[in-house]
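data.cif (mmCIF, C-alpha atoms, pLDDT in the B column; chains and numbers go by the auth columns)
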data_data
#
loop_
_atom_site.group_PDB
_atom_site.id
_atom_site.type_symbol
_atom_site.label_atom_id
_atom_site.label_comp_id
_atom_site.label_asym_id
_atom_site.label_seq_id
_atom_site.Cartn_x
_atom_site.Cartn_y
_atom_site.Cartn_z
_atom_site.B_iso_or_equiv
_atom_site.auth_seq_id
_atom_site.auth_asym_id
ATOM 1 C CA LYS A 1 12.387 -85.117 59.861 52.00 1 C
ATOM 2 C CA GLU A 2 10.365 -83.746 56.937 53.00 2 C
ATOM 3 C CA GLU A 3 11.456 -80.216 57.859 54.00 3 C
ATOM 4 C CA MET A 4 15.103 -81.326 57.951 55.00 4 C
ATOM 5 C CA ASP A 5 14.736 -82.904 54.519 57.00 5 C
ATOM 6 C CA GLN A 6 13.331 -79.640 53.116 60.00 6 C
ATOM 7 C CA LYS A 7 16.231 -77.694 54.583 60.00 7 C
ATOM 8 C CA SER A 8 18.666 -80.155 53.039 66.00 8 C
ATOM 9 C CA VAL A 9 16.994 -79.743 49.645 60.00 9 C
ATOM 10 C CA ILE A 10 17.114 -75.958 49.969 67.00 10 C
ATOM 11 C CA ARG A 11 20.808 -76.040 50.902 68.00 11 C
ATOM 12 C CA SER A 12 21.572 -78.282 47.955 68.00 12 C
ATOM 13 C CA SER A 13 19.608 -76.041 45.562 68.00 13 C
ATOM 14 C CA TRP A 14 21.299 -72.936 46.926 63.00 14 C
ATOM 15 C CA ARG A 15 24.775 -74.474 46.401 72.00 15 C
ATOM 16 C CA LYS A 16 23.840 -75.365 42.820 70.00 16 C
ATOM 17 C CA LEU A 17 22.547 -71.826 42.259 64.00 17 C
ATOM 18 C CA VAL A 18 25.739 -70.308 43.660 62.00 18 C
ATOM 19 C CA ASP A 19 27.886 -72.608 41.527 59.00 19 C
ATOM 20 C CA TYR A 20 25.849 -71.703 38.430 58.00 20 C
ATOM 21 C CA ALA A 21 26.121 -67.981 39.236 61.00 21 C
ATOM 22 C CA GLU A 22 29.909 -68.329 39.492 61.00 22 C
ATOM 23 C CA VAL A 23 30.043 -70.077 36.118 56.00 23 C
ATOM 24 C CA VAL A 24 27.910 -67.354 34.521 56.00 24 C
ATOM 25 C CA ALA A 25 30.034 -64.645 36.162 55.00 25 C
ATOM 26 C CA ASP A 26 33.207 -66.245 34.775 55.00 26 C
ATOM 27 C CA LYS A 27 31.670 -66.389 31.290 62.00 27 C
ATOM 28 C CA LEU A 28 30.502 -62.788 31.508 53.00 28 C
ATOM 29 C CA SER A 29 33.931 -61.700 32.705 62.00 29 C
ATOM 30 C CA ALA A 30 35.553 -63.427 29.730 61.00 30 C
ATOM 31 C CA ILE A 31 33.055 -61.882 27.303 63.00 31 C
ATOM 32 C CA GLN A 32 33.453 -58.491 28.957 71.00 32 C
ATOM 33 C CA GLY A 33 37.198 -58.692 28.478 72.00 33 C
ATOM 34 C CA ILE A 34 36.756 -59.420 24.765 76.00 34 C
ATOM 35 C CA TYR A 35 34.338 -56.523 24.233 78.00 35 C
ATOM 36 C CA LYS A 36 36.470 -54.155 26.288 81.00 36 C
ATOM 37 C CA LYS A 37 39.550 -55.015 24.251 84.00 37 C
ATOM 38 C CA GLN A 38 37.594 -54.500 21.013 87.00 38 C
ATOM 39 C CA LEU A 39 36.266 -51.161 22.243 86.00 39 C
ATOM 40 C CA ILE A 40 39.755 -49.894 23.081 89.00 40 C
ATOM 41 C CA HIS A 41 40.932 -50.953 19.619 92.00 41 C
ATOM 42 C CA ASP A 42 37.964 -49.287 17.891 92.00 42 C
ATOM 43 C CA VAL A 43 38.413 -46.049 19.846 93.00 43 C
ATOM 44 C CA LYS A 44 42.080 -45.921 18.872 95.00 44 C
ATOM 45 C CA GLU A 45 41.176 -46.331 15.194 96.00 45 C
ATOM 46 C CA PHE A 46 38.407 -43.744 15.488 95.00 46 C
ATOM 47 C CA SER A 47 40.822 -41.218 17.016 96.00 47 C
ATOM 48 C CA GLN A 48 43.039 -41.627 13.966 96.00 48 C
ATOM 49 C CA ASP A 49 40.021 -41.280 11.678 97.00 49 C
ATOM 50 C CA ALA A 50 39.059 -38.045 13.461 97.00 50 C
ATOM 51 C CA ARG A 51 42.527 -36.591 12.809 97.00 51 C
ATOM 52 C CA GLU A 52 42.384 -37.591 9.140 97.00 52 C
ATOM 53 C CA PHE A 53 38.888 -36.144 8.797 97.00 53 C
ATOM 54 C CA ARG A 54 40.086 -32.831 10.236 97.00 54 C
ATOM 55 C CA ALA A 55 43.042 -32.735 7.849 97.00 55 C
ATOM 56 C CA ASP A 56 40.701 -33.403 4.913 97.00 56 C
ATOM 57 C CA PHE A 57 38.359 -30.641 6.121 96.00 57 C
ATOM 58 C CA GLU A 58 41.228 -28.144 6.254 94.00 58 C
ATOM 59 C CA GLU A 59 42.596 -29.126 2.827 95.00 59 C
ATOM 60 C CA ASN A 60 39.358 -29.710 0.901 96.00 60 C
ATOM 61 C CA GLY A 61 36.585 -28.180 2.978 94.00 61 C
ATOM 62 C CA PRO A 62 34.425 -25.069 2.554 91.00 62 C
ATOM 63 C CA MET A 63 37.027 -22.755 4.124 87.00 63 C
ATOM 64 C CA VAL A 64 39.582 -23.242 1.346 87.00 64 C
ATOM 65 C CA GLN A 65 40.470 -19.936 -0.280 81.00 65 C
ATOM 66 C CA GLY A 66 39.534 -19.291 -3.914 83.00 66 C
ATOM 67 C CA ILE A 67 36.429 -21.456 -4.269 85.00 67 C
ATOM 68 C CA THR A 68 33.031 -20.073 -5.238 84.00 68 C
ATOM 69 C CA PRO A 69 30.234 -19.734 -2.666 81.00 69 C
ATOM 70 C CA GLU A 70 28.279 -22.441 -4.483 84.00 70 C
ATOM 71 C CA GLU A 71 31.231 -24.823 -4.238 90.00 71 C
ATOM 72 C CA ALA A 72 31.688 -23.893 -0.572 89.00 72 C
ATOM 73 C CA VAL A 73 28.023 -24.731 0.140 89.00 73 C
ATOM 74 C CA GLU A 74 28.382 -28.103 -1.622 92.00 74 C
ATOM 75 C CA ARG A 75 31.488 -28.924 0.406 95.00 75 C
ATOM 76 C CA LEU A 76 29.853 -27.739 3.608 94.00 76 C
ATOM 77 C CA THR A 77 26.899 -30.071 3.043 93.00 77 C
ATOM 78 C CA ARG A 78 29.191 -33.023 2.337 95.00 78 C
ATOM 79 C CA PHE A 79 31.413 -32.477 5.359 96.00 79 C
ATOM 80 C CA ARG A 80 28.414 -31.799 7.629 95.00 80 C
ATOM 81 C CA ASP A 81 26.944 -35.187 6.683 96.00 81 C
ATOM 82 C CA GLN A 82 30.278 -36.910 7.317 96.00 82 C
ATOM 83 C CA LEU A 83 30.625 -35.129 10.652 97.00 83 C
ATOM 84 C CA GLN A 84 27.177 -36.269 11.785 96.00 84 C
ATOM 85 C CA LEU A 85 28.125 -39.890 11.104 96.00 85 C
ATOM 86 C CA ARG A 86 31.237 -39.483 13.244 96.00 86 C
ATOM 87 C CA GLU A 87 29.281 -37.783 16.005 96.00 87 C
ATOM 88 C CA ARG A 88 27.008 -40.828 16.253 95.00 88 C
ATOM 89 C CA LYS A 89 30.062 -43.079 16.500 94.00 89 C
ATOM 90 C CA MET A 90 31.576 -40.792 19.118 95.00 90 C
ATOM 91 C CA GLU A 91 28.427 -41.054 21.259 95.00 91 C
ATOM 92 C CA MET A 92 28.408 -44.842 20.889 93.00 92 C
ATOM 93 C CA TYR A 93 32.055 -45.174 21.956 92.00 93 C
ATOM 94 C CA ALA A 94 31.530 -42.787 24.871 94.00 94 C
ATOM 95 C CA ALA A 95 28.633 -44.955 26.091 91.00 95 C
ATOM 96 C CA GLY A 96 30.839 -48.046 25.815 87.00 96 C
ATOM 97 C CA GLU A 97 33.636 -46.395 27.779 87.00 97 C
ATOM 98 C CA GLU A 98 31.177 -45.406 30.488 88.00 98 C
ATOM 99 C CA LEU A 99 29.885 -48.990 30.629 83.00 99 C
ATOM 100 C CA PHE A 100 33.396 -50.356 31.160 80.00 100 C
ATOM 101 C CA ALA A 101 34.347 -47.524 33.566 83.00 101 C
ATOM 102 C CA LEU A 102 36.962 -46.178 31.137 84.00 102 C
ATOM 103 C CA ARG A 103 37.981 -42.551 30.764 91.00 103 C
ATOM 104 C CA THR A 104 35.984 -40.892 27.982 93.00 104 C
ATOM 105 C CA THR A 105 38.243 -40.237 25.002 94.00 105 C
ATOM 106 C CA PRO A 106 38.200 -36.632 23.737 95.00 106 C
ATOM 107 C CA TYR A 107 38.136 -35.867 20.012 96.00 107 C
ATOM 108 C CA PRO A 108 39.316 -32.232 19.753 96.00 108 C
ATOM 109 C CA GLU A 109 39.422 -32.395 15.950 97.00 109 C
ATOM 110 C CA LEU A 110 35.717 -33.227 15.748 96.00 110 C
ATOM 111 C CA THR A 111 34.817 -30.647 18.377 96.00 111 C
ATOM 112 C CA LYS A 112 36.652 -27.912 16.478 95.00 112 C
ATOM 113 C CA THR A 113 35.147 -28.961 13.152 96.00 113 C
ATOM 114 C CA LYS A 114 31.636 -29.014 14.631 95.00 114 C
ATOM 115 C CA LYS A 115 32.000 -25.416 15.848 93.00 115 C
ATOM 116 C CA GLU A 116 33.295 -24.231 12.464 92.00 116 C
ATOM 117 C CA VAL A 117 30.556 -26.066 10.562 94.00 117 C
ATOM 118 C CA ALA A 118 27.938 -24.366 12.761 92.00 118 C
ATOM 119 C CA LEU A 119 29.475 -20.961 11.961 89.00 119 C
ATOM 120 C CA LEU A 120 29.668 -21.764 8.252 90.00 120 C
ATOM 121 C CA ASP A 121 26.012 -22.834 8.282 90.00 121 C
ATOM 122 C CA GLN A 122 25.091 -19.369 9.555 89.00 122 C
ATOM 123 C CA LEU A 123 27.241 -17.588 7.017 89.00 123 C
ATOM 124 C CA TYR A 124 26.439 -19.571 3.894 88.00 124 C
ATOM 125 C CA GLY A 125 22.786 -19.929 4.833 88.00 125 C
ATOM 126 C CA LEU A 126 22.544 -16.149 4.752 89.00 126 C
ATOM 127 C CA TYR A 127 24.795 -15.922 1.688 87.00 127 C
ATOM 128 C CA MET A 128 22.577 -18.202 -0.390 87.00 128 C
ATOM 129 C CA ASP A 129 19.420 -16.417 0.831 89.00 129 C
ATOM 130 C CA VAL A 130 20.918 -13.153 -0.428 88.00 130 C
ATOM 131 C CA ILE A 131 22.010 -14.695 -3.744 86.00 131 C
ATOM 132 C CA ASP A 132 18.535 -16.152 -4.343 87.00 132 C
ATOM 133 C CA THR A 133 16.831 -12.868 -3.469 88.00 133 C
ATOM 134 C CA MET A 134 19.154 -10.852 -5.698 86.00 134 C
ATOM 135 C CA SER A 135 18.480 -13.247 -8.541 86.00 135 C
ATOM 136 C CA THR A 136 14.742 -12.815 -8.040 87.00 136 C
ATOM 137 C CA ASN A 137 15.122 -9.044 -7.947 83.00 137 C
ATOM 138 C CA ARG A 138 16.987 -9.042 -11.258 81.00 138 C
ATOM 139 C CA GLY A 139 14.049 -10.824 -12.851 85.00 139 C
ATOM 140 C CA ILE A 140 11.529 -8.133 -11.893 80.00 140 C
ATOM 141 C CA LEU A 141 10.237 -6.195 -14.882 79.00 141 C
ATOM 142 C CA TRP A 142 10.919 -2.465 -14.789 72.00 142 C
ATOM 143 C CA SER A 143 7.201 -1.790 -15.097 72.00 143 C
ATOM 144 C CA ASP A 144 6.704 -3.663 -11.789 81.00 144 C
ATOM 145 C CA ILE A 145 9.750 -2.359 -9.956 79.00 145 C
ATOM 146 C CA SER A 146 8.002 0.507 -8.163 80.00 146 C
ATOM 147 C CA GLU A 147 5.564 -1.932 -6.551 84.00 147 C
ATOM 148 C CA GLN A 148 8.441 -4.101 -5.324 85.00 148 C
ATOM 149 C CA LEU A 149 10.731 -1.392 -3.934 85.00 149 C
ATOM 150 C CA GLU A 150 9.380 -1.563 -0.394 86.00 150 C
ATOM 151 C CA ALA A 151 9.689 -5.342 -0.253 89.00 151 C
ATOM 152 C CA MET A 152 13.207 -5.159 -1.699 89.00 152 C
ATOM 153 C CA ASP A 153 14.191 -2.596 0.894 88.00 153 C
ATOM 154 C CA GLU A 154 12.742 -4.651 3.753 91.00 154 C
ATOM 155 C CA SER A 155 14.452 -7.857 2.649 91.00 155 C
ATOM 156 C CA THR A 156 17.795 -6.093 2.208 89.00 156 C
ATOM 157 C CA ASN A 157 17.549 -4.486 5.652 90.00 157 C
ATOM 158 C CA GLY A 158 16.658 -7.868 7.113 92.00 158 C
ATOM 159 C CA PHE A 159 19.725 -9.448 5.516 90.00 159 C
ATOM 160 C CA ASP A 160 21.843 -6.560 6.747 90.00 160 C
ATOM 161 C CA ALA A 161 20.606 -7.082 10.317 91.00 161 C
ATOM 162 C CA ARG A 162 21.400 -10.809 10.148 89.00 162 C
ATOM 163 C CA CYS A 163 24.815 -10.015 8.740 88.00 163 C
ATOM 164 C CA LYS A 164 25.624 -7.623 11.580 86.00 164 C
ATOM 165 C CA LYS A 165 24.639 -10.256 14.154 87.00 165 C
ATOM 166 C CA MET A 166 27.181 -12.720 12.821 86.00 166 C
ATOM 167 C CA PRO A 167 29.892 -13.771 15.324 85.00 167 C
ATOM 168 C CA LYS A 168 33.030 -11.634 15.208 83.00 168 C
ATOM 169 C CA ARG A 169 35.102 -14.576 14.057 79.00 169 C
ATOM 170 C CA LEU A 170 33.041 -14.860 10.868 80.00 170 C
ATOM 171 C CA ARG A 171 33.675 -11.253 9.960 83.00 171 C
ATOM 172 C CA GLU A 172 37.249 -12.070 9.025 79.00 172 C
ATOM 173 C CA TRP A 173 36.239 -14.649 6.403 80.00 173 C
ATOM 174 C CA LYS A 174 36.196 -13.696 2.739 79.00 174 C
ATOM 175 C CA ALA A 175 32.633 -14.940 2.229 82.00 175 C
ATOM 176 C CA TYR A 176 31.462 -12.547 4.927 85.00 176 C
ATOM 177 C CA LEU A 177 33.338 -9.621 3.364 86.00 177 C
ATOM 178 C CA ASP A 178 31.867 -10.451 -0.057 86.00 178 C
ATOM 179 C CA LEU A 179 28.402 -10.654 1.468 87.00 179 C
ATOM 180 C CA ARG A 180 28.849 -7.364 3.288 88.00 180 C
ATOM 181 C CA GLU A 181 29.960 -5.668 0.056 89.00 181 C
ATOM 182 C CA MET A 182 27.042 -7.134 -1.889 87.00 182 C
ATOM 183 C CA LEU A 183 24.487 -5.850 0.623 89.00 183 C
ATOM 184 C CA THR A 184 26.095 -2.425 0.899 89.00 184 C
ATOM 185 C CA SER A 185 26.140 -2.016 -2.874 87.00 185 C
ATOM 186 C CA PHE A 186 22.481 -2.961 -3.178 86.00 186 C
ATOM 187 C CA GLN A 187 21.512 -0.604 -0.353 87.00 187 C
ATOM 188 C CA ASP A 188 23.345 2.169 -2.203 86.00 188 C
ATOM 189 C CA ILE A 189 21.555 1.632 -5.502 83.00 189 C
ATOM 190 C CA LEU A 190 18.026 1.197 -4.097 85.00 190 C
ATOM 191 C CA PRO A 191 17.517 4.970 -3.645 85.00 191 C
ATOM 192 C CA LEU A 192 18.717 5.499 -7.235 79.00 192 C
ATOM 193 C CA ILE A 193 16.273 2.902 -8.520 78.00 193 C
ATOM 194 C CA SER A 194 13.540 4.628 -6.556 82.00 194 C
ATOM 195 C CA GLU A 195 14.394 7.967 -8.181 79.00 195 C
ATOM 196 C CA LEU A 196 14.422 6.431 -11.645 75.00 196 C
ATOM 197 C CA THR A 197 10.878 5.121 -11.214 76.00 197 C
ATOM 198 C CA LYS A 198 9.456 8.608 -10.700 75.00 198 C
ATOM 199 C CA ALA A 199 7.295 10.150 -13.402 70.00 199 C
ATOM 200 C CA SER A 200 9.605 13.168 -13.563 71.00 200 C
ATOM 201 C CA ILE A 201 12.322 11.060 -15.180 67.00 201 C
ATOM 202 C CA LYS A 202 12.420 11.828 -18.902 60.00 202 C
ATOM 203 C CA SER A 203 13.965 10.062 -21.854 64.00 203 C
ATOM 204 C CA ARG A 204 16.961 12.415 -21.791 63.00 204 C
ATOM 205 C CA HIS A 205 17.686 11.323 -18.239 58.00 205 C
ATOM 206 C CA TRP A 206 17.750 7.706 -19.322 58.00 206 C
ATOM 207 C CA LEU A 207 20.113 8.602 -22.155 62.00 207 C
ATOM 208 C CA GLN A 208 22.438 10.187 -19.595 65.00 208 C
ATOM 209 C CA VAL A 209 22.286 7.032 -17.437 57.00 209 C
ATOM 210 C CA ILE A 210 23.093 4.854 -20.476 60.00 210 C
ATOM 211 C CA GLU A 211 26.001 7.119 -21.383 63.00 211 C
ATOM 212 C CA ILE A 212 27.438 7.091 -17.867 56.00 212 C
ATOM 213 C CA THR A 213 27.042 3.357 -17.274 54.00 213 C
ATOM 214 C CA GLY A 214 27.973 2.327 -20.790 57.00 214 C
ATOM 215 C CA THR A 215 24.952 0.034 -21.066 53.00 215 C
#

Turn this file's structure into structure tokens for me.
Amino acid sequence: KEEMDQKSVIRSSWRKLVDYAEVVADKLSAIQGIYKKQLIHDVKEFSQDAREFRADFEENGPMVQGITPEEAVERLTRFRDQLQLRERKMEMYAAGEELFALRTTPYPELTKTKKEVALLDQLYGLYMDVIDTMSTNRGILWSDISEQLEAMDESTNGFDARCKKMPKRLREWKAYLDLREMLTSFQDILPLISELTKASIKSRHWLQVIEITGT
């Protein structure tokens, strides 16, 4: 009899547990439906935001013609930061869609912008390195120039090598063409600077240089 009573208690407890599980499952299903609906709504809004962000990038980003390299770098930094925020949201929504067994929503505008930002980072990173180095070179006293020629030549050749390794797509952009021209011009004048530092250069030679250059 005692064993039968225990079985009866177990059956009763099991029925209560099953009933409770069904109640919890119903609640979870209702909550799941709410979150799923909210996710779908948020993803739809985010897709629109991605399109607007891309349009803003094309109209006001670093690839706009006619802006200075410094302005392009400032814009690049701003849009890169904004893109990173959207990438975090994109990952969060993708995780939510996976959780609810939904098809992952693509964001082609963000994908395209990410690729272009990566290319621009390469280009303008090199551009600003060259600008900074050229500025430093201009500040070298003539009395010290002969000691710096080798370093100047090495840095210029290094920039030139980085420039030549740039993706083909970048080579069509104006910033790349400006950079290429800047490096070529400096490579052309380095041998002249080297000649002018030689002891054989006399005052009359400098007068000729001043006359030719108008300086």

Selected residue of minimal separation from Thr77 in chain C among C:Phe100, C:Ser143, C:Tyr93, C:Ala118, counting all atoms listed in the file: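 Looking only at the distances to Thr77 in chain C, the closest residue turns out to be C:Ala118.
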
The PyMOL selection byres ((chain C and resi 155) around 12) applied to the shown file, residues as a list in words: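 After applying the PyMOL selection byres ((chain C and resi 155) around 12), what remains is Leu126, Asp129, Val130, Asp132, Thr133, Met134, Thr136, Asn137, Gln148, Leu149, Glu150, Ala151, Met152, Asp153, Glu154, Thr156, Asn157, Gly158, Phe159, Asp160, Ala161, Arg162, Leu183, Phe186, Gln187 and Leu190 of chain C.
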
Separation of CA of Lys115 in chain C from CA of Ala95 in chain C in Å: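 Answer for the CA of Ala95 in chain C to CA of Lys115 in chain C separation: 22.3 Å.
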
Residues matched by the PyMOL selection byres ((chain C and resi 83) around 10), written as a list in words: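 Applied to this file, the PyMOL selection byres ((chain C and resi 83) around 10) selects Ala50, Phe53, Arg54, Thr77, Arg78, Phe79, Arg80, Asp81, Gln82, Gln84, Leu85, Arg86, Glu87, Arg88, Lys89, Leu110, Thr111, Thr113, Lys114 and Val117 of chain C.
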
Distance criterion (only C-alpha atoms): nearest to Glu91 in chain C out of C:Val43, C:Asp56, C:Arg138, C:Tyr124: C:Val43

Distance in Å - CA of Ala94 in chain C versus CA of Asn60 in chain C: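 CA of Asn60 in chain C lies 28.4 Å from CA of Ala94 in chain C.
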
For Leu170 in chain C: contacts at 12 Å, all atoms listed in the file, fewer than 2 positions along chain excluded, given as a PyMOL selection string: chain C and resi 63+115-124+163-168+172-180

Nearest to Leu99 in chain C by atom-to-atom distance, counting only C-alpha atoms, from C:Tyr35, C:Phe57, C:Trp142, C:Tyr127: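 Once distances to Leu99 in chain C are computed over only C-alpha atoms, the minimum belongs to C:Tyr35.
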
Interatomic distance (Å, one decimal) between CA of Glu71 in chain C and CA of Ala55 in chain C: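 We find that CA of Glu71 in chain C and CA of Ala55 in chain C lie 18.7 Å from each other.
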
Pick from C:Asp49, C:Glu181, C:Arg75, C:Lys37 nearest to Gly61 in chain C, counting all atoms listed in the file: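 Among the listed residues, C:Arg75 lies closest to Gly61 in chain C.
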
Using all atoms listed in the file: which of C:Lys36, C:Lys16, C:His41, C:Lys198 has the shortest distance to Glu98 in chain C: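 The answer is C:Lys36, which sits nearest to Glu98 in chain C.
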
Best match for closeness to Met128 in chain C among C:Glu52, C:Glu97, C:Glu147, C:Glu70, counting only C-alpha atoms: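 Looking only at the distances to Met128 in chain C, the closest residue turns out to be C:Glu70.
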
Residues returned when the PyMOL selection byres ((chain C and resi 107) around 9) runs on this file, as a ChimeraX atom specification: /C:47,50-51,90,105-106,108-112
